[in-house]
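Read the structure below first, then the notes.
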Amino acid sequence: MSATGYRAIQHRISGGMFALLLMLATTLSACGGAGATSNAGPASGPIRIGFSMTETGANAAPALFELQGYQLGAEAINAQGGLLGRQVQLVYYDDQGSTATTVQLYQKLITTDKVDLLVGPYQSDLNAAIAPLVSRNKMAMASMDANLTVYGGQYPYLVQSITQTPRYMSPLIDLAASKGYKTLALLVQDTAFPQALAAGVKAAAQAKGISVVFEGTYPATTTDFSSLVLKAGASHPDMIIGATFLPDSEGIVRAAKAANINAKLFAFSVGPTEPDFNTALGSAANTILGNTLWFPTLSTAGNADFVNAFHGKFGRDPDYHAAMAYGTMQALAAAVKGAGSLDQTKIRDAYLKLDIQTVAGNFKLNETGRQLGYQAYVLQWQGGKQVLVWPSDVANATPQLPHPAW
Amino acid sequence: MQIYLILALTGLLWGGVYLLMATGLNLIYGVMKVVNLAHGDFIIVGGLLAFSLFTTFQISPWIALPIAAALLFGVGMLVHRLVLAQIDMAGSQGELRTLLATFGLSYIVSNTALLIWGGQYESIPFLQDALKIGPLSFPKSLVVCSGAAFVLALAVQLWLTRTASGRLVRATAQSELGAASCGLNIQRVRLFTFALGSAMAGGAGVLVVLLIPMQATTGSLFGVQAFILIVLGGLGNFVGAILAAVILGLVEVSTGYFFGANAASGVIYLIFILILMFRPQGLLGQRGRI
């Protein structure tokens with residue numbers, strides 16, 4: 001054989017080998033893909049629950065609690081025999097706190113990954129962004145969006161599995177009213193959840209005859225709160241309440257302490273619920289109040305076991321985000337069992353009929369999917385520890401008020 | 001009347017905080033013409049390191065400061081030797097190349113920080129008491145940060161203008177060929193300058209974390225503020241930077257008080273645009289040095 005002929009055969013063989021290897025590689029990767037193919041038949045293999053979570057980004061820390069709550073919840077479902085005789089598996093991605101990314105990820109979960117069930121992401125605005133997509137695809141989704149805008153019936157496949165925002169701070173206003181406080185300065189971060197929270201606070205205050213003497217908003221990236229706090233203090237309010245997240249609540253406390261702005265009551269959302277609030281502020285965190293949707297000492301169904309299991313698996317105590325996420329998994333399991341199948345419309349109908357006790361309390365919805373059962377509570381930092389102070393029938397400590405002078 | 005005094009002093013103090021974060025960048029960009037987009041992330045690493053040292057080992061931030069500065073000095077040396085020294089600085093593309101390189105570096109640093117410290121905002125309860133001057137009170141941490149900032153900026157200006165080593169750095173910045181022909185080891189000077197700027201960022205982080213909670217991925221915010229400040233003051237000019245810090249701090253705090261916090265967050269960028277339009281060399285900068 002001539003030299004060129006031999007080489008030609010070599011090339012033909014290597015070309016064929018290459019094509020064979022390529023086909024082999026594609027088949028292997030398709031089989032090995034993380035459950036993202038339709039190789040698992042409809043009546044066998046795990047039931048896949050899909051969602052996105054803010055694993056990186058500004059809200060990663062509370063979102064991590066949610067993720068862990070979902071994970072523990074899924075484990076609990078599997079330990080009790082799974083759903084419809086099959087084990088459940090979580091399929092999730094990092095949405096980085098971005099609306100655009102979340103929409104893409106849920107599109108992927110629905111159309112490419114073809115997950116069987118959906119639950120929602122962490123941030124309220126992300127839940128709102130995917131509501132149309134999820135409803136268009138007629139997939140039932142239990143969502144931890146506390147804001148009410150999406151539960152008016154326009155997205156019939158969405159159900160709320162967290163306390164509604166207007167209720168968040170009502171118990172705080174109750175506590176304030178019981179102490180006879182009359183005036184309030186409200187500081188609001190300029191994003192969806194704090195704004196809805198502030199609206200709830202104002203409504204509750206009005207109902208109790210408390211007047212809002214100052215209201216100031218600020219962008220989420222604010223680092224210097226001195227002017228805001230000075231203006232809030234100028235009207236000498238009885239209470240300074242912030243609709244905040246963690247860094248701004250810390251900034252406001254520091255600014256108030258520094259400028260010696262005193263009030264009888266200081267309260268913030270999200271911030272004081274996080275253990276890092278105390279780590280960052282030390283003694284300045286003492287007697288600061290926060291709102292929470294759950295507390296480890298509550299005697300809701302299975303709460304003590306949940307707290308122990310969470311601590312055992314993740315090495316730290318759960319917070320209310322984790323409890324709500326775990327409760328979401330419990331509600332999901334109950335809804336699927338009630339529907340008896342993976343039919344999304346049946347599951348949605350089953351959600352609307354649920355009246356069950358989860359670790360977060362009584363899960364009960366109205367006819368448009370709004371959460372009626374879940375409540376809110378008031379916690380306080382006392383001596384470096386979080387205690388539940390209101391309502392008094394579930395409290396494990398008495399509220400230390402008024403806030404001492406800085 | 002008292003409110004104006006409080007606003008003026010608070011503005012001055014916060015200007016100092018921005019100055020503290022910007023001085024290292026002023027050295028690196030203003031003098032070396034290296035656009036370090038990872039500057040804000042270096043600040044965050046310094047701050048989070050101080051947080052870890054405080055919460056795990058109860059090490060005071062005063063001790064954490066030289067530790068963080070030394071660590072970031074080392075990091076800066078590594079970055080320069082491995083990355084920046086390999087980049088061809090010749091021609092108009094030189095700055096763009098370093099910009100791209102440090103853009104990637106920013107991602108590496110912030111994501112490494114995210115892996116180490118997670119996504120939570122962290123801060124330290126240190127020097128949180130109020131410093132009372134008559135009827136006025138300010139946070140001790142703010143006064144300390146600001147004081148350190150003005151002292152540092154003045155010290156760097158004096159070093160650059162009055163000492164031999166400082167003149168070496170300026171000579172290298174003005175003309176590498178000229179400096180080399182005078183016998184200067186260019187690479188060593190650039191290495192030292194970058195490392196020093198990074199060390200300043202780390203030290204700044206230790207002080208600023210007492211005031212502003214830091215999260216691994218929020219470095220770019222500090223970096224942008226630092227850039228605005230040094231451009232406003234004039235690149236490489238530290239007295240200009242002090243002036244710019246005073247102006248920015250006063251404007252931000254006053255705008256926040258009279259027009260609300262939303263206006264305050266935008267007014268700095270507005271000033272930046274105006275400066276670029278009408279006096280691009282900055283307050284005390286020289287034309288043509290941009």
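We label chains A, B, ... in the order they appear in the structure tokens, count residues from 1 in each chain, and number ligands from 1 in the order shown.
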Excluding same-chain residues fewer than 4 positions from region 80-85 of chain B, what lies within 8 Å of it counting only C-alpha atoms, as a short mmCIF file (atom, residue, chain, number, x, y, z; two decimals) with N, CA and C atoms, in the first residue's frame?
data_model
loop_
_atom_site.label_atom_id
_atom_site.label_comp_id
_atom_site.auth_asym_id
_atom_site.auth_seq_id
_atom_site.Cartn_x
_atom_site.Cartn_y
_atom_site.Cartn_z
N GLY B 76 -0.89 41.64 47.60
CA GLY B 76 -0.59 42.62 46.56
C GLY B 76 0.70 42.26 45.83
N THR B 98 -4.69 46.24 32.25
CA THR B 98 -4.69 46.04 33.71
C THR B 98 -6.12 46.10 34.25
N ALA B 101 -7.56 42.74 33.69
CA ALA B 101 -6.95 41.76 34.60
C ALA B 101 -7.51 41.92 36.01
N GLN B 187 10.69 47.48 38.24
CA GLN B 187 9.80 46.42 38.68
C GLN B 187 9.66 46.39 40.19
N LEU B 191 6.21 46.99 42.16
CA LEU B 191 5.79 45.93 43.07
C LEU B 191 5.50 46.49 44.46
N PHE B 194 2.30 48.79 44.51
CA PHE B 194 1.05 48.05 44.46
C PHE B 194 0.81 47.34 45.78
N ALA B 195 1.84 46.74 46.33
CA ALA B 195 1.69 46.03 47.60
C ALA B 195 1.29 47.01 48.71
#
**Asked** Got a sec to pull out which chain B residues are within 10 Å of chain A, counting only C-alpha atoms, and send them as an NGL selection string?
**Response** :B and (3 or 6-7 or 10-11 or 14 or 51 or 55 or 111 or 114-115 or 118-126 or 128-132 or 136-142 or 209-218 or 221 or 252-258 or 260-266)
Can you write out the residues you just picked, keeping C-alpha atoms, as a tab-separated table (two decimals), in the first residue's frame?
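As a result, out_6.tsv now contains:
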chain	number	residue	atom	x	y	z
B	3	ILE	CA	-28.07	70.93	63.52
B	6	ILE	CA	-23.72	68.41	63.56
B	7	LEU	CA	-24.27	68.00	59.83
B	10	THR	CA	-20.73	64.39	60.49
B	11	GLY	CA	-20.13	65.16	56.84
B	14	TRP	CA	-17.85	60.48	56.77
B	51	PHE	CA	-14.23	40.15	62.01
B	55	THR	CA	-15.16	36.75	66.97
B	111	ASN	CA	-15.84	34.74	45.45
B	114	LEU	CA	-17.68	34.26	49.78
B	115	LEU	CA	-16.39	30.69	50.11
B	118	GLY	CA	-20.32	32.98	53.46
B	119	GLY	CA	-22.90	35.50	52.38
B	120	GLN	CA	-23.76	37.25	55.64
B	121	TYR	CA	-23.13	40.88	56.47
B	122	GLU	CA	-20.61	41.08	59.29
B	123	SER	CA	-19.48	43.84	61.59
B	124	ILE	CA	-17.73	44.23	64.94
B	125	PRO	CA	-19.07	45.87	68.11
B	126	PHE	CA	-15.96	47.93	68.82
B	128	GLN	CA	-19.47	51.89	69.33
B	129	ASP	CA	-19.80	54.33	72.19
B	130	ALA	CA	-20.43	57.96	71.48
B	131	LEU	CA	-17.73	60.56	71.79
B	132	LYS	CA	-19.33	63.56	73.44
B	136	LEU	CA	-22.64	66.99	70.28
B	137	SER	CA	-21.95	63.30	70.06
B	138	PHE	CA	-20.38	61.16	67.36
B	139	PRO	CA	-19.57	57.46	67.18
B	140	LYS	CA	-16.02	56.79	68.38
B	141	SER	CA	-15.45	54.45	65.45
B	142	LEU	CA	-16.32	57.21	63.00
B	209	VAL	CA	-15.90	47.24	59.30
B	210	LEU	CA	-16.53	48.83	62.70
B	211	LEU	CA	-18.88	51.26	60.96
B	212	ILE	CA	-20.29	49.55	57.87
B	213	PRO	CA	-21.35	45.88	57.82
B	214	MET	CA	-19.43	44.10	55.08
B	215	GLN	CA	-20.41	41.20	52.88
B	216	ALA	CA	-18.08	39.26	50.63
B	217	THR	CA	-19.65	40.46	47.39
B	218	THR	CA	-20.18	44.16	48.15
B	221	LEU	CA	-19.50	49.63	46.01
B	252	GLU	CA	-23.83	63.60	51.00
B	253	VAL	CA	-24.79	64.17	54.62
B	254	SER	CA	-26.47	67.53	53.98
B	255	THR	CA	-28.39	66.23	50.97
B	256	GLY	CA	-29.49	63.29	53.04
B	257	TYR	CA	-30.80	65.57	55.73
B	258	PHE	CA	-32.58	68.11	53.56
B	260	GLY	CA	-33.80	62.47	51.86
B	261	ALA	CA	-31.49	59.50	51.66
B	262	ASN	CA	-32.46	58.61	48.08
B	263	ALA	CA	-31.22	61.98	46.86
B	264	ALA	CA	-28.03	61.62	48.90
B	265	SER	CA	-27.09	58.34	47.26
B	266	GLY	CA	-27.39	59.90	43.83
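The gap separating CA of Met141 (chain A) from CA of Arg348 (chain A) is 7.9 Å, in Å to one decimal.
Separating CA of Leu243 (chain B) from CA of Cys145 (chain B) is a distance of 16.6 Å.
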**Message:** Quick check for you: according to DSSP on this backbone, which residues of region 38-224 of chain A are classed as helix (DSSP H, G or I)? Reply as a PyMOL selection string.
**Reply:** chain A and resi 60-79+99-112+124-136+149-151+165-167+170-178+192-207
Gly82 (chain A): which residues within 12 Å, counting only C-alpha atoms, same-chain residues fewer than 6 positions away excluded, as an mmCIF file with N, CA and C atoms, in the first residue's frame?
data_model
loop_
_atom_site.group_PDB
_atom_site.id
_atom_site.type_symbol
_atom_site.label_atom_id
_atom_site.label_comp_id
_atom_site.auth_asym_id
_atom_site.auth_seq_id
_atom_site.Cartn_x
_atom_site.Cartn_y
_atom_site.Cartn_z
ATOM 1 N N GLY A 45 -38.732 6.088 39.829
ATOM 2 C CA GLY A 45 -37.722 7.107 40.064
ATOM 3 C C GLY A 45 -38.252 8.160 41.021
ATOM 4 N N PRO A 46 -37.368 9.052 41.473
ATOM 5 C CA PRO A 46 -37.787 10.016 42.490
ATOM 6 C C PRO A 46 -38.714 11.089 41.930
ATOM 7 N N ILE A 47 -39.557 11.634 42.817
ATOM 8 C CA ILE A 47 -40.347 12.828 42.479
ATOM 9 C C ILE A 47 -39.436 14.026 42.677
ATOM 10 N N ARG A 48 -39.311 14.867 41.626
ATOM 11 C CA ARG A 48 -38.361 15.967 41.701
ATOM 12 C C ARG A 48 -39.053 17.285 42.010
ATOM 13 N N GLY A 73 -36.891 19.351 55.246
ATOM 14 C CA GLY A 73 -38.271 18.967 54.967
ATOM 15 C C GLY A 73 -38.353 17.797 54.002
ATOM 16 N N ALA A 74 -37.513 17.852 52.958
ATOM 17 C CA ALA A 74 -37.521 16.760 51.980
ATOM 18 C C ALA A 74 -37.071 15.461 52.636
ATOM 19 N N GLU A 75 -36.046 15.568 53.494
ATOM 20 C CA GLU A 75 -35.570 14.379 54.215
ATOM 21 C C GLU A 75 -36.685 13.780 55.062
ATOM 22 N N ALA A 76 -37.451 14.669 55.729
ATOM 23 C CA ALA A 76 -38.529 14.192 56.600
ATOM 24 C C ALA A 76 -39.582 13.474 55.768
ATOM 25 N N VAL A 88 -38.586 11.706 47.328
ATOM 26 C CA VAL A 88 -38.490 13.021 46.696
ATOM 27 C C VAL A 88 -37.036 13.439 46.606
ATOM 28 N N GLN A 89 -36.764 14.274 45.608
ATOM 29 C CA GLN A 89 -35.402 14.749 45.360
ATOM 30 C C GLN A 89 -35.498 16.240 45.046
ATOM 31 N N MET A 329 -42.652 22.394 52.921
ATOM 32 C CA MET A 329 -42.516 20.995 52.508
ATOM 33 C C MET A 329 -43.625 20.147 53.122
ATOM 34 N N GLN A 330 -43.970 20.459 54.384
ATOM 35 C CA GLN A 330 -45.054 19.708 55.022
ATOM 36 C C GLN A 330 -46.367 19.944 54.289
ATOM 37 N N LEU A 332 -46.714 20.904 51.185
ATOM 38 C CA LEU A 332 -46.583 20.280 49.859
ATOM 39 C C LEU A 332 -46.939 18.808 49.942
ATOM 40 N N ALA A 333 -46.373 18.134 50.942
ATOM 41 C CA ALA A 333 -46.636 16.700 51.095
ATOM 42 C C ALA A 333 -48.124 16.456 51.314
ATOM 43 N N ALA A 334 -48.724 17.281 52.173
ATOM 44 C CA ALA A 334 -50.154 17.103 52.453
ATOM 45 C C ALA A 334 -50.985 17.352 51.200
ATOM 46 N N VAL A 336 -50.060 17.038 47.998
ATOM 47 C CA VAL A 336 -49.885 15.956 47.024
ATOM 48 C C VAL A 336 -50.654 14.718 47.468
ATOM 49 N N LYS A 337 -50.606 14.420 48.757
ATOM 50 C CA LYS A 337 -51.362 13.263 49.252
ATOM 51 C C LYS A 337 -52.846 13.492 49.054
#
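For Val109 (chain B), the residues within 8 Å (counting only C-alpha atoms, excluding itself and residues fewer than 4 positions away along the chain) are Ala38, Asp41, Phe42, Leu105 and Ala113 of chain B.
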Okay, now the selection with C-alpha atoms, as a short mmCIF file (atom, residue, chain, number, x, y, z; two decimals), in the first residue's frame?
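again-v2.cif, freshly written:
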data_model
loop_
_atom_site.label_atom_id
_atom_site.label_comp_id
_atom_site.auth_asym_id
_atom_site.auth_seq_id
_atom_site.Cartn_x
_atom_site.Cartn_y
_atom_site.Cartn_z
CA ALA B 38 -10.31 44.68 43.04
CA ASP B 41 -12.63 43.59 47.49
CA PHE B 42 -9.28 44.01 49.25
CA LEU B 105 -9.13 39.50 40.01
CA ALA B 113 -14.18 35.61 50.33
#
**Request:** Find the distance between CA of Val201 (chain A) and CA of Val188 (chain A) and write it in Å to one decimal.
**Result:** 10.8 Å
**Request:** Please provide the set of residues having any atom within 12 Å of Phe238 (chain B), restricted to only C-alpha atoms, with same-chain residues fewer than 6 positions apart removed, written as a PyMOL selection string.
**Result:** chain B and resi 19-20+22-27+30-31+149-161+229-232+244-245+282-285
